[in-house]
>>> print(open('entry-v8.csv').read())   # CSV, C-alpha atoms
chain,number,residue,atom,x,y,z
A,299,MET,CA,0.0,0.0,0.0
A,300,THR,CA,2.8,2.4,0.9
A,301,LYS,CA,4.5,1.7,-2.5
A,302,THR,CA,1.3,2.5,-4.3
A,303,ILE,CA,0.9,5.8,-2.5
A,304,PHE,CA,4.5,6.6,-3.4
A,305,HIS,CA,4.0,5.8,-7.1
A,306,PHE,CA,0.8,7.8,-7.1
A,307,GLY,CA,2.7,10.8,-5.6
A,308,PHE,CA,5.4,10.5,-8.1
A,309,MET,CA,2.9,10.4,-11.0
A,310,VAL,CA,1.0,13.4,-9.6
A,311,ASN,CA,4.3,15.4,-9.3
A,312,SER,CA,5.4,14.5,-12.8
A,313,LEU,CA,2.0,15.4,-14.3
A,314,TYR,CA,2.0,18.7,-12.4
A,315,ALA,CA,5.4,19.6,-13.8
A,316,ILE,CA,4.2,18.8,-17.3
A,317,TYR,CA,1.0,20.8,-16.7
A,318,LYS,CA,3.1,23.8,-15.6
A,319,ILE,CA,5.2,23.7,-18.9
A,320,TYR,CA,1.9,23.2,-20.9
A,321,ILE,CA,0.6,26.4,-19.3
A,322,ILE,CA,3.8,28.3,-20.2
A,323,LEU,CA,3.7,27.0,-23.8
A,324,ASN,CA,0.0,27.4,-24.3
A,325,HIS,CA,-0.2,30.9,-22.9
A,326,SER,CA,3.2,32.2,-24.1
A,327,LYS,CA,1.7,35.1,-25.9
A,328,VAL,CA,0.0,36.3,-22.7
A,329,ILE,CA,3.1,35.8,-20.7
A,330,TRP,CA,5.2,37.8,-23.2
A,331,ASP,CA,2.6,40.6,-23.0
A,332,CYS,CA,2.9,40.5,-19.2
A,333,TRP,CA,6.7,40.8,-19.5
A,334,CYS,CA,6.2,44.4,-20.8
A,335,VAL,CA,5.9,45.5,-17.1
A,336,THR,CA,9.6,44.5,-16.6
A,337,GLN,CA,10.7,47.3,-19.0
A,338,PHE,CA,12.1,50.4,-17.4
A,339,ASP,CA,9.9,52.7,-19.6
A,340,PHE,CA,6.7,50.9,-18.8
A,341,THR,CA,5.2,53.8,-16.8
A,342,SER,CA,4.4,56.5,-19.2
A,343,TYR,CA,4.8,59.6,-17.2
A,344,GLY,CA,8.7,59.3,-17.2
A,345,LEU,CA,9.3,61.3,-14.0
A,346,HIS,CA,10.3,58.3,-11.9
A,347,SER,CA,13.8,57.3,-11.1
A,348,ARG,CA,15.2,54.0,-12.2
A,349,HIS,CA,16.3,53.4,-8.6
A,350,THR,CA,13.1,51.7,-7.6
A,351,LEU,CA,13.0,49.4,-10.7
A,352,ASP,CA,16.7,48.6,-10.2
A,353,GLU,CA,16.0,47.7,-6.6
A,354,TRP,CA,13.2,45.3,-7.6
A,355,ARG,CA,15.2,43.9,-10.4
A,356,ASN,CA,18.1,43.1,-8.1
A,357,ARG,CA,15.6,41.5,-5.6
A,358,SER,CA,14.3,39.3,-8.5
A,359,ILE,CA,17.7,38.3,-9.6
A,360,LYS,CA,18.8,37.5,-6.0
A,361,SER,CA,15.7,35.5,-5.4
A,362,THR,CA,16.0,33.6,-8.6
A,363,ARG,CA,19.7,32.8,-8.0
A,364,ILE,CA,18.9,31.5,-4.5
A,365,TYR,CA,16.0,29.4,-5.7
A,366,VAL,CA,18.0,27.9,-8.6
A,367,ILE,CA,21.1,27.2,-6.4
A,368,PHE,CA,18.9,25.6,-3.7
A,369,THR,CA,16.9,23.5,-6.1
A,370,SER,CA,20.1,22.4,-8.0
A,371,SER,CA,21.8,21.5,-4.7
A,372,LEU,CA,18.9,19.4,-3.7
A,373,PHE,CA,18.8,17.7,-7.1
A,374,ILE,CA,22.5,16.9,-6.9
A,375,PHE,CA,22.2,15.6,-3.3
A,376,TYR,CA,19.1,13.5,-4.3
A,377,VAL,CA,20.9,12.1,-7.3
A,378,ALA,CA,24.1,11.3,-5.4
A,379,CYS,CA,22.4,9.4,-2.6
A,380,PRO,CA,21.9,6.1,-4.5
A,381,LEU,CA,25.6,6.2,-5.4
A,382,VAL,CA,26.6,6.5,-1.7
A,383,PHE,CA,24.3,3.7,-0.8
A,384,SER,CA,25.0,1.6,-3.9
A,385,ASN,CA,25.6,-1.5,-1.9
A,386,THR,CA,22.3,-1.3,-0.1
A,387,PHE,CA,19.5,-3.6,-1.3
A,388,THR,CA,15.8,-3.5,-0.7
A,389,THR,CA,13.9,-6.8,-0.6
A,390,MET,CA,10.6,-6.9,-2.4
A,391,LYS,CA,8.1,-9.7,-2.2
A,392,ASN,CA,6.9,-11.0,-5.6
A,393,HIS,CA,3.3,-11.9,-6.4
A,394,HIS,CA,4.1,-15.6,-6.2
A,395,GLY,CA,5.6,-15.4,-2.7
A,396,SER,CA,9.4,-15.4,-3.4
A,397,SER,CA,11.5,-12.3,-2.7
A,398,SER,CA,14.0,-10.4,-4.7
A,399,ALA,CA,16.8,-8.0,-3.6
A,400,TYR,CA,17.0,-4.9,-5.7
A,401,ARG,CA,19.6,-2.1,-5.4
A,402,LEU,CA,18.3,1.2,-4.1
A,403,ASN,CA,17.8,3.7,-6.8
A,404,ILE,CA,16.6,7.4,-7.0
A,405,LEU,CA,12.9,6.8,-7.1
A,406,ASN,CA,12.7,3.2,-5.8
A,407,LEU,CA,10.1,2.4,-8.4
A,408,TYR,CA,9.3,-1.2,-8.9
A,409,LEU,CA,10.3,-2.1,-12.5
A,410,PHE,CA,9.1,-5.2,-14.2
A,411,VAL,CA,12.7,-6.5,-14.7
A,412,MET,CA,14.3,-9.6,-13.3
A,413,GLU,CA,16.5,-9.1,-10.2
A,414,GLU,CA,19.7,-10.1,-11.9
A,415,ALA,CA,19.1,-7.8,-14.9
A,416,TYR,CA,18.3,-4.8,-12.8
A,417,ASN,CA,21.3,-5.2,-10.5
A,418,THR,CA,23.6,-5.9,-13.5
A,419,TYR,CA,22.4,-2.9,-15.4
A,420,PHE,CA,21.8,-0.7,-12.4
A,421,TYR,CA,23.6,2.3,-13.8
A,422,VAL,CA,21.6,2.3,-17.0
A,423,PHE,CA,18.3,2.4,-15.0
A,424,TYR,CA,20.0,5.1,-12.8
A,425,ILE,CA,20.8,7.3,-15.7
A,426,ILE,CA,17.3,6.9,-17.1
A,427,GLU,CA,15.8,8.0,-13.8
A,428,ILE,CA,18.2,10.9,-13.5
A,429,PHE,CA,17.1,12.1,-17.0
A,430,GLY,CA,13.4,11.9,-16.0
A,431,ILE,CA,14.0,13.7,-12.7
A,432,ALA,CA,16.1,16.4,-14.4
A,433,ILE,CA,13.4,17.2,-16.8
A,434,SER,CA,10.8,17.4,-14.0
A,435,VAL,CA,13.1,19.7,-12.0
A,436,LEU,CA,13.8,21.9,-15.0
A,437,PHE,CA,10.1,22.2,-15.8
A,438,ILE,CA,9.4,23.3,-12.2
A,439,ILE,CA,12.3,25.8,-12.1
A,440,ILE,CA,11.2,27.4,-15.4
A,441,PHE,CA,7.6,27.9,-14.3
A,442,ASP,CA,8.5,29.2,-10.9
A,443,THR,CA,11.1,31.6,-12.3
A,444,VAL,CA,8.6,33.1,-14.7
A,445,VAL,CA,6.0,33.5,-12.0
A,446,ASN,CA,8.4,35.0,-9.5
A,447,THR,CA,9.9,37.4,-12.0
A,448,LEU,CA,6.5,38.7,-13.0
A,449,GLY,CA,5.6,39.1,-9.3
A,450,PHE,CA,8.7,41.1,-8.6
A,451,ALA,CA,8.2,43.2,-11.7
A,452,LEU,CA,4.6,44.0,-10.8
A,453,SER,CA,5.7,44.9,-7.2
A,454,GLY,CA,8.3,47.3,-8.6
A,455,GLN,CA,5.8,48.9,-10.9
A,456,LEU,CA,3.2,49.2,-8.2
A,457,LYS,CA,5.8,50.8,-6.0
A,458,ILE,CA,6.5,53.4,-8.7
A,459,ILE,CA,2.8,54.1,-9.1
A,460,SER,CA,2.4,54.4,-5.3
A,461,THR,CA,5.3,56.9,-5.3
A,462,ALA,CA,3.7,58.9,-8.1
A,463,PHE,CA,0.4,59.2,-6.1
A,464,GLU,CA,2.3,60.2,-3.0
A,465,SER,CA,4.1,63.0,-5.0
A,466,VAL,CA,0.7,64.6,-5.7
A,467,GLY,CA,-0.5,64.3,-2.1
A,468,HIS,CA,-2.3,61.0,-1.8
A,469,LYS,CA,-1.6,58.9,1.3
A,470,SER,CA,0.2,55.6,0.9
A,471,PHE,CA,-1.5,52.4,2.2
A,472,TYR,CA,1.8,50.9,3.1
A,473,PHE,CA,4.3,52.3,5.6
A,474,SER,CA,8.0,51.6,5.7
A,475,ASN,CA,7.6,49.7,9.0
A,476,GLY,CA,5.7,47.0,7.1
A,477,LYS,CA,2.2,47.9,8.3
A,478,TYR,CA,-0.8,48.8,6.2
A,479,LEU,CA,-3.0,51.8,6.7
A,480,GLN,CA,-6.1,50.8,8.7
A,481,TYR,CA,-9.5,52.5,8.2
>>> encode(input="entry-v8.csv", output="structure tokens")
Amino acid sequence: MTKTIFHFGFMVNSLYAIYKIYIILNHSKVIWDCWCVTQFDFTSYGLHSRHTLDEWRNRSIKSTRIYVIFTSSLFIFYVACPLVFSNTFTTMKNHHGSSSAYRLNILNLYLFVMEEAYNTYFYVFYIIEIFGIAISVLFIIIFDTVVNTLGFALSGQLKIISTAFESVGHKSFYFSNGKYLQY
């Protein structure tokens, strides 16, 4: 039962990563139209300083770098674990009652391969699994980077609009101490 839940979770995560890339590919025109807010000359009045946009761009770059480094480090660690524990075997009970000892791999998916063949060609199966996981991780990183970049760009543009309203006498709803104006 536990193995079934694990396989279901793996399939859901894989399908979710594919769905994310499908959204990006299917709505690429809309996404490119949204990218116009990342331009420095997006606001038309032209009296703003580039300092605010530079600040939000630097935040976006820093956040993206941290995210990619963290995700890549986890991926490398995750891929390296089966090599460290390459002499560890997991015993699986077959349907007819006998048991087989398979080497631990990245996903520990039960493959319909004989025990001897799997253990002999372990590195071939290992490379295939690495390829599958690398594609899933790449799909997730691409989608999350697009969404985070748009979020930072919109925040920067809204900050410029807020500054413009403040310059003509309107009150800000956000204070520098992190609290919102209460009515």
>>> atom_distance(input="entry-v8.csv", atom1="atom CA of Ser453 of chain A", atom2="atom CA of Tyr320 of chain A")
25.9 Å
>>> residues_around(input="entry-v8.csv", residues="Asn385 of chain A", least_positions_apart="6", cutoff="12 Å", atoms="all atoms listed in the file", output="ChimeraX atom specification")
/A:379,399-403,417,420
>>> atom_distance(input="entry-v8.csv", atom1="atom CA of Phe375 of chain A", atom2="atom CA of Tyr317 of chain A")
25.6 Å
>>> residues_around(input="entry-v8.csv", residues="Val377 of chain A", least_positions_apart="2", cutoff="9 Å", atoms="only C-alpha atoms", output="list in words")
Leu372, Phe373, Ile374, Phe375, Cys379, Pro380, Leu381, Asn403, Ile404, Tyr424, Ile428 and Ile431 of chain A
>>> write_last_selection(input="entry-v8.csv", atoms="C-alpha atoms", output="CSV table (one decimal), in the coordinates of the input")
chain,number,residue,atom,x,y,z
A,372,LEU,CA,18.9,19.4,-3.7
A,373,PHE,CA,18.8,17.7,-7.1
A,374,ILE,CA,22.5,16.9,-6.9
A,375,PHE,CA,22.2,15.6,-3.3
A,379,CYS,CA,22.4,9.4,-2.6
A,380,PRO,CA,21.9,6.1,-4.5
A,381,LEU,CA,25.6,6.2,-5.4
A,403,ASN,CA,17.8,3.7,-6.8
A,404,ILE,CA,16.6,7.4,-7.0
A,424,TYR,CA,20.0,5.1,-12.8
A,428,ILE,CA,18.2,10.9,-13.5
A,431,ILE,CA,14.0,13.7,-12.7
>>> residues_around(input="entry-v8.csv", residues="Lys360 of chain A", least_positions_apart="4", cutoff="12 Å", atoms="all atoms listed in the file", output="PyMOL selection string")
chain A and resi 353-356+364-367+443+446-447+450
